file input-v3.txt (compact mmCIF, C-alpha atoms)
# COMPACT_ATOMS: atom_id res chain seq x y z
CA MET A 1 0.00 0.00 0.00
CA SER A 2 1.07 3.58 -0.62
CA ILE A 3 1.59 6.18 2.10
CA GLY A 4 -1.69 7.82 1.11
CA GLU A 5 -3.52 4.50 1.33
CA ASN A 6 -2.00 3.83 4.75
CA ILE A 7 -3.15 7.24 5.99
CA ALA A 8 -6.65 6.63 4.65
CA ALA A 9 -6.78 3.24 6.38
CA PHE A 10 -5.81 4.76 9.75
CA HIS A 11 -8.28 7.61 9.39
CA LYS A 12 -11.02 5.06 8.70
CA LEU A 13 -9.94 2.95 11.68
CA LEU A 14 -10.11 5.95 14.01
CA GLU A 15 -13.21 7.71 12.63
CA ASN A 16 -15.56 6.34 15.32
CA THR A 17 -13.11 6.64 18.19
CA PRO A 18 -11.86 9.57 20.31
CA CYS A 19 -8.35 8.76 19.10
CA ASN A 20 -6.30 10.76 16.59
CA LEU A 21 -3.22 9.86 14.55
CA VAL A 22 0.22 11.40 14.86
CA ALA A 23 2.19 10.23 11.84
CA VAL A 24 5.77 9.72 13.00
CA SER A 25 7.92 11.10 10.21
CA LYS A 26 11.35 10.89 11.86
CA THR A 27 14.14 10.05 9.37
CA LYS A 28 11.69 10.45 6.47
CA PRO A 29 12.25 13.11 3.78
CA SER A 30 9.82 15.93 3.28
CA GLU A 31 8.53 14.54 -0.02
CA LEU A 32 7.20 11.45 1.78
CA ILE A 33 5.64 13.59 4.50
CA LEU A 34 3.98 15.60 1.75
CA GLU A 35 2.36 12.38 0.45
CA ALA A 36 0.77 11.89 3.86
CA TYR A 37 -0.20 15.57 3.98
CA ASN A 38 -1.91 15.30 0.60
CA ALA A 39 -3.88 12.33 1.95
CA GLY A 40 -5.30 14.58 4.67
CA GLN A 41 -2.84 14.05 7.51
CA ARG A 42 -1.90 17.17 9.48
CA ASP A 43 -0.26 15.91 12.70
CA PHE A 44 3.34 14.76 12.39
CA GLY A 45 5.78 13.62 15.09
CA GLU A 46 9.55 14.01 15.21
CA ASN A 47 12.03 13.00 17.90
CA LYS A 48 15.02 15.20 17.07
CA VAL A 49 14.95 18.99 17.35
CA GLN A 50 17.24 19.67 14.38
CA GLU A 51 15.23 17.47 12.05
CA LEU A 52 11.98 18.94 13.32
CA SER A 53 13.19 22.50 12.80
CA GLU A 54 14.39 21.79 9.26
CA LYS A 55 11.18 20.07 8.20
CA SER A 56 8.97 22.76 9.70
CA GLY A 57 10.45 25.20 7.19
CA GLN A 58 9.88 22.83 4.27
CA LEU A 59 6.26 21.81 4.81
CA GLN A 60 2.95 23.68 4.72
CA ALA A 61 2.14 26.16 7.46
CA ASP A 62 -0.91 24.25 8.70
CA VAL A 63 1.11 21.15 9.66
CA ARG A 64 0.83 20.46 13.40
CA TRP A 65 4.28 19.41 14.61
CA HIS A 66 4.60 17.12 17.65
CA MET A 67 7.85 16.67 19.58
CA ILE A 68 7.77 13.02 20.68
CA GLY A 69 11.42 12.35 21.57
CA HIS A 70 13.48 13.19 24.63
CA LEU A 71 13.89 16.97 24.77
CA GLN A 72 16.90 18.73 26.30
CA THR A 73 16.34 22.10 27.93
CA ASN A 74 18.92 23.83 25.72
CA LYS A 75 17.02 22.76 22.59
CA VAL A 76 13.59 24.09 23.57
CA LYS A 77 14.28 27.56 22.10
CA HIS A 78 14.57 26.09 18.60
CA ILE A 79 11.02 24.71 18.51
CA ALA A 80 9.17 27.09 20.85
CA PRO A 81 8.00 29.45 18.06
CA PHE A 82 6.04 26.81 16.17
CA ILE A 83 5.61 23.51 18.05
CA HIS A 84 2.02 22.29 18.36
CA LEU A 85 2.44 19.77 21.19
CA ILE A 86 5.38 18.45 23.22
CA HIS A 87 4.66 14.87 24.28
CA SER A 88 7.83 14.20 26.25
CA VAL A 89 8.01 16.57 29.23
CA ASP A 90 9.78 14.53 31.90
CA SER A 91 10.84 17.08 34.53
CA LEU A 92 9.76 20.30 36.18
CA LYS A 93 13.02 21.88 34.98
CA LEU A 94 12.08 21.17 31.37
CA LEU A 95 8.55 22.47 31.91
CA GLU A 96 9.98 25.71 33.33
CA GLU A 97 12.25 26.14 30.30
CA ILE A 98 9.35 25.56 27.91
CA ASN A 99 7.41 28.24 29.80
CA LYS A 100 10.37 30.63 29.53
CA GLN A 101 10.76 30.11 25.78
CA ALA A 102 7.01 30.22 25.17
CA LEU A 103 6.90 33.61 26.88
CA LYS A 104 9.66 34.85 24.56
CA SER A 105 7.65 33.61 21.60
CA LYS A 106 4.48 35.22 23.00
CA ARG A 107 2.50 32.00 22.91
CA ILE A 108 1.21 29.20 25.09
CA ILE A 109 2.70 25.77 24.41
CA ASP A 110 0.66 22.63 25.00
CA CYS A 111 2.51 19.82 26.76
CA LEU A 112 2.03 16.24 27.86
CA LEU A 113 3.80 14.84 30.90
CA GLN A 114 5.72 11.66 30.13
CA VAL A 115 5.13 8.86 32.63
CA HIS A 116 7.52 5.95 33.05
CA ILE A 117 5.22 2.95 32.62
CA ALA A 118 7.65 0.44 31.06
CA GLN A 119 9.95 -2.03 32.77
CA GLU A 120 13.01 -0.81 30.88
CA GLU A 121 15.14 1.46 33.01
CA HIS A 122 16.34 3.62 30.10
CA LYS A 123 12.94 5.12 29.33
CA PHE A 124 12.31 8.63 30.61
CA GLY A 125 9.37 9.94 32.59
CA PHE A 126 7.79 10.77 35.93
CA ASP A 127 6.67 8.05 38.31
CA ALA A 128 3.20 8.28 39.87
CA LEU A 129 4.36 9.92 43.12
CA GLU A 130 6.43 12.54 41.30
CA LEU A 131 3.52 13.30 39.03
CA GLU A 132 0.99 13.76 41.81
CA GLY A 133 3.50 15.83 43.76
CA LEU A 134 3.88 18.15 40.80
CA PHE A 135 0.20 19.10 41.13
CA THR A 136 -0.35 18.90 44.88
CA ASP A 137 2.41 21.41 45.61
CA LYS A 138 1.12 23.62 42.75
CA SER A 139 4.53 23.69 41.04
CA VAL A 140 2.96 24.25 37.64
CA ALA A 141 0.37 26.86 38.60
CA THR A 142 2.72 29.82 38.01
CA LEU A 143 3.77 28.67 34.54
CA GLU A 144 1.38 30.82 32.56
CA ASN A 145 2.81 30.06 29.10
CA VAL A 146 2.47 26.29 29.23
CA ARG A 147 -0.71 24.27 29.23
CA ILE A 148 -0.55 20.66 30.39
CA ILE A 149 -3.21 18.77 28.47
CA GLY A 150 -2.48 15.14 29.35
CA LEU A 151 -0.03 12.28 29.74
CA MET A 152 2.25 10.26 27.47
CA GLY A 153 3.66 6.79 28.00
CA MET A 154 5.72 4.19 26.16
CA ALA A 155 5.08 0.53 26.87
CA THR A 156 7.80 -2.06 27.35
CA PHE A 157 9.27 -3.36 24.09
CA THR A 158 7.97 -6.90 24.36
CA GLU A 159 5.80 -9.43 22.56
CA ASP A 160 3.83 -9.96 25.78
CA THR A 161 0.60 -8.19 24.84
CA GLU A 162 -0.87 -8.61 28.32
CA GLN A 163 2.05 -6.72 29.84
CA ILE A 164 1.60 -3.94 27.28
CA ARG A 165 -2.11 -3.83 28.10
CA ARG A 166 -1.39 -3.61 31.85
CA GLU A 167 0.99 -0.70 31.28
CA PHE A 168 -1.46 1.21 29.11
CA LYS A 169 -4.28 0.50 31.56
CA TYR A 170 -2.09 1.81 34.39
CA LEU A 171 -1.49 5.07 32.49
CA HIS A 172 -5.22 5.51 31.89
CA VAL A 173 -6.03 4.92 35.56
CA LEU A 174 -3.38 7.48 36.55
CA PHE A 175 -4.82 9.95 34.02
CA GLU A 176 -8.31 9.59 35.54
CA LYS A 177 -6.90 9.95 39.07
CA ILE A 178 -5.13 13.20 38.19
CA LYS A 179 -8.26 14.55 36.51
CA ARG A 180 -10.00 14.33 39.89
CA LEU A 181 -7.37 16.45 41.66
CA ASP A 182 -7.78 20.16 42.34
CA LEU A 183 -5.82 21.27 39.29
CA PRO A 184 -4.58 24.75 38.35
CA GLU A 185 -6.10 26.56 35.37
CA ASN A 186 -3.21 25.68 33.07
CA VAL A 187 -3.81 21.94 33.49
CA GLN A 188 -6.61 20.55 31.32
CA MET A 189 -6.27 16.76 31.26
CA ARG A 190 -7.79 15.59 27.99
CA GLU A 191 -5.15 13.66 26.02
CA ILE A 192 -3.42 10.30 26.54
CA SER A 193 -0.62 9.72 24.06
CA MET A 194 0.13 5.99 23.97
CA GLY A 195 0.51 3.38 21.28
CA MET A 196 2.95 3.03 18.40
CA SER A 197 3.13 0.88 15.25
CA ASP A 198 3.35 -2.43 17.11
CA ASP A 199 0.85 -1.79 19.90
CA PHE A 200 -1.54 0.95 18.76
CA GLN A 201 -4.55 -1.38 18.69
CA ILE A 202 -4.13 -2.23 22.37
CA ALA A 203 -3.61 1.45 23.14
CA ILE A 204 -6.87 2.40 21.40
CA GLU A 205 -8.72 -0.26 23.40
CA GLU A 206 -7.22 1.11 26.62
CA GLY A 207 -8.26 4.71 25.98
CA SER A 208 -5.51 6.37 23.96
CA THR A 209 -6.46 9.67 22.33
CA LEU A 210 -3.22 10.01 20.34
CA ILE A 211 -1.36 7.13 18.68
CA ARG A 212 2.14 7.71 17.32
CA VAL A 213 2.60 5.59 14.20
CA GLY A 214 5.60 5.60 11.86
CA SER A 215 6.57 2.35 10.13
CA LYS A 216 2.97 1.27 9.52
CA ILE A 217 2.60 4.45 7.44
CA PHE A 218 6.01 5.23 5.96
CA GLY A 219 7.65 1.80 6.00
CA PRO A 220 10.86 0.84 7.85
CA ARG A 221 12.82 3.67 9.44
CA ILE A 222 15.79 5.07 7.54
CA TYR A 223 18.90 5.46 9.69
CA LEU A 224 21.17 8.23 8.51
call {"tool": "encode", "arguments": {"input": "input-v3.txt", "output": "structure tokens"}}
result
Amino acid sequence: MSIGENIAAFHKLLENTPCNLVAVSKTKPSELILEAYNAGQRDFGENKVQELSEKSGQLQADVRWHMIGHLQTNKVKHIAPFIHLIHSVDSLKLLEEINKQALKSKRIIDCLLQVHIAQEEHKFGFDALELEGLFTDKSVATLENVRIIGLMGMATFTEDTEQIRREFKYLHVLFEKIKRLDLPENVQMREISMGMSDDFQIAIEEGSTLIRVGSKIFGPRIYL
């Protein structure tokens, strides 16, 4: 199937769900992204700041760019003027830097807090206690140029589908628990970003509102 046909198939799959597609275009050239764009896709995810910045200048202005990879504080300034959603906020320090750069760009940047739900140690993210502490001590209430709109998680890389399901279910339960807290005005919990090419179906069943799919749309990743 072509990229356009893959996009159409995902749009059809998701049309009766609350879930939306982020097409992960990392390592893919702009001409392939344009194929997906011409098929009606507008949300694209990248995991490297330099690649994201370059592509943002090559594609149409109405593309909604998502930062889905680990983000260093010193790189925030490069994407602050245009980024649509940052999925991978894994510390208060990073959130404060996003707020600082958003203020300079005179805009409010939407963010998701990354939660460590996998068994692998190398994955980034808050644990449940850190996450709840972030809200109970009102750390984020003064950050007027960021808006936290949900959570993001990456499941363990495993063929054990029940483990993946447990991890996604855990993230959804945590999401619902946080929604019930007394949250500041700049926290509006409405998105759960979970599910990639190999586990998106489970993620949809467990309440994902954003799936991040690359190889099932663009084919195998190109390593440069």
call {"tool": "closest_residue", "arguments": {"input": "input-v3.txt", "among": "A:Gly4, A:Gly150, A:Gly219, A:Gly195", "to": "A:Leu113", "atoms": "only C-alpha atoms"}}
result
A:Gly150
call {"tool": "residues_near_point", "arguments": {"input": "input-v3.txt", "point": "(4.0, 34.8, 24.4)", "cutoff": "12 Å", "atoms": "all atoms listed in the file", "output": "JSON, numbers by chain"}}
result
{"A": [80, 81, 82, 98, 99, 100, 101, 102, 103, 104, 105, 106, 107, 108, 109, 143, 144, 145, 146]}
call {"tool": "residues_around", "arguments": {"input": "input-v3.txt", "residues": "A:Thr158", "least_positions_apart": "4", "cutoff": "12 Å", "atoms": "only C-alpha atoms", "output": "list of chain:residue names"}}
result
A:Ala118, A:Gln119, A:Glu120, A:Met154, A:Glu162, A:Gln163, A:Ile164, A:Arg165, A:Glu167, A:Asp198, A:Asp199
call {"tool": "residues_around", "arguments": {"input": "input-v3.txt", "residues": "A:Phe124", "least_positions_apart": "6", "cutoff": "12 Å", "atoms": "all atoms listed in the file", "output": "PyMOL selection string"}}
result
chain A and resi 68-72+87-91+113-118+152-155
call {"tool": "write_last_selection", "arguments": {"input": "input-v3.txt", "atoms": "C-alpha atoms", "output": "PDB file, in the coordinates of the input"}}
result
ATOM      1  CA  ILE A  68       7.770  13.020  20.680  1.00  0.00           C
ATOM      2  CA  GLY A  69      11.420  12.350  21.570  1.00  0.00           C
ATOM      3  CA  HIS A  70      13.480  13.190  24.630  1.00  0.00           C
ATOM      4  CA  LEU A  71      13.890  16.970  24.770  1.00  0.00           C
ATOM      5  CA  GLN A  72      16.900  18.730  26.300  1.00  0.00           C
ATOM      6  CA  HIS A  87       4.660  14.870  24.280  1.00  0.00           C
ATOM      7  CA  SER A  88       7.830  14.200  26.250  1.00  0.00           C
ATOM      8  CA  VAL A  89       8.010  16.570  29.230  1.00  0.00           C
ATOM      9  CA  ASP A  90       9.780  14.530  31.900  1.00  0.00           C
ATOM     10  CA  SER A  91      10.840  17.080  34.530  1.00  0.00           C
ATOM     11  CA  LEU A 113       3.800  14.840  30.900  1.00  0.00           C
ATOM     12  CA  GLN A 114       5.720  11.660  30.130  1.00  0.00           C
ATOM     13  CA  VAL A 115       5.130   8.860  32.630  1.00  0.00           C
ATOM     14  CA  HIS A 116       7.520   5.950  33.050  1.00  0.00           C
ATOM     15  CA  ILE A 117       5.220   2.950  32.620  1.00  0.00           C
ATOM     16  CA  ALA A 118       7.650   0.440  31.060  1.00  0.00           C
ATOM     17  CA  MET A 152       2.250  10.260  27.470  1.00  0.00           C
ATOM     18  CA  GLY A 153       3.660   6.790  28.000  1.00  0.00           C
ATOM     19  CA  MET A 154       5.720   4.190  26.160  1.00  0.00           C
ATOM     20  CA  ALA A 155       5.080   0.530  26.870  1.00  0.00           C
TER      21      ALA A 155
END
call {"tool": "residues_around", "arguments": {"input": "input-v3.txt", "residues": "A:Leu52", "least_positions_apart": "5", "cutoff": "12 Å", "atoms": "only C-alpha atoms", "output": "ChimeraX atom specification"}}
result
/A:24-30,44-47,57-59,63-69,71,75-76,78-80,82-84,86
call {"tool": "write_last_selection", "arguments": {"input": "input-v3.txt", "atoms": "C-alpha atoms", "output": "compact mmCIF listing (two decimals), in the frame of the given file"}}
result
# COMPACT_ATOMS: atom_id res chain seq x y z
CA VAL A 24 5.77 9.72 13.00
CA SER A 25 7.92 11.10 10.21
CA LYS A 26 11.35 10.89 11.86
CA THR A 27 14.14 10.05 9.37
CA LYS A 28 11.69 10.45 6.47
CA PRO A 29 12.25 13.11 3.78
CA SER A 30 9.82 15.93 3.28
CA PHE A 44 3.34 14.76 12.39
CA GLY A 45 5.78 13.62 15.09
CA GLU A 46 9.55 14.01 15.21
CA ASN A 47 12.03 13.00 17.90
CA GLY A 57 10.45 25.20 7.19
CA GLN A 58 9.88 22.83 4.27
CA LEU A 59 6.26 21.81 4.81
CA VAL A 63 1.11 21.15 9.66
CA ARG A 64 0.83 20.46 13.40
CA TRP A 65 4.28 19.41 14.61
CA HIS A 66 4.60 17.12 17.65
CA MET A 67 7.85 16.67 19.58
CA ILE A 68 7.77 13.02 20.68
CA GLY A 69 11.42 12.35 21.57
CA LEU A 71 13.89 16.97 24.77
CA LYS A 75 17.02 22.76 22.59
CA VAL A 76 13.59 24.09 23.57
CA HIS A 78 14.57 26.09 18.60
CA ILE A 79 11.02 24.71 18.51
CA ALA A 80 9.17 27.09 20.85
CA PHE A 82 6.04 26.81 16.17
CA ILE A 83 5.61 23.51 18.05
CA HIS A 84 2.02 22.29 18.36
CA ILE A 86 5.38 18.45 23.22
call {"tool": "residues_near_point", "arguments": {"input": "input-v3.txt", "point": "(1.6, 13.3, 8.4)", "cutoff": "7 Å", "atoms": "all atoms listed in the file", "output": "list in words"}}
result
Val22, Ala23, Ser25, Ile33, Ala36, Tyr37, Gln41, Arg42, Asp43 and Phe44 of chain A
call {"tool": "atom_distance", "arguments": {"input": "input-v3.txt", "atom1": "atom CA of A:Glu176", "atom2": "atom CA of A:Glu206"}}
result
12.4 Å
call {"tool": "residues_around", "arguments": {"input": "input-v3.txt", "residues": "A:Ser208", "least_positions_apart": "6", "cutoff": "10 Å", "atoms": "all atoms listed in the file", "output": "ChimeraX atom specification"}}
result
/A:17-20,151-152,168-169,171-172,191-195,200-202
call {"tool": "atom_distance", "arguments": {"input": "input-v3.txt", "atom1": "atom CA of A:Ile211", "atom2": "atom CA of A:Met196"}}
result
6.0 Å
call {"tool": "residues_around", "arguments": {"input": "input-v3.txt", "residues": "stretch 137-141 of chain A", "least_positions_apart": "6", "cutoff": "9 Å", "atoms": "all atoms listed in the file", "output": "MDAnalysis selection string"}}
result
chainID A and resid 92 95:96 148 183:187
call {"tool": "closest_residue", "arguments": {"input": "input-v3.txt", "among": "A:Phe175, A:Ala39, A:Thr136, A:Leu32", "to": "A:Glu5", "atoms": "all atoms listed in the file"}}
result
A:Ala39
call {"tool": "atom_distance", "arguments": {"input": "input-v3.txt", "atom1": "atom CA of A:Ala203", "atom2": "atom CA of A:Arg147"}}
result
23.8 Å
call {"tool": "closest_residue", "arguments": {"input": "input-v3.txt", "among": "A:Val173, A:Val49, A:Leu94, A:Leu34", "to": "A:Thr73", "atoms": "all atoms listed in the file"}}
result
A:Leu94
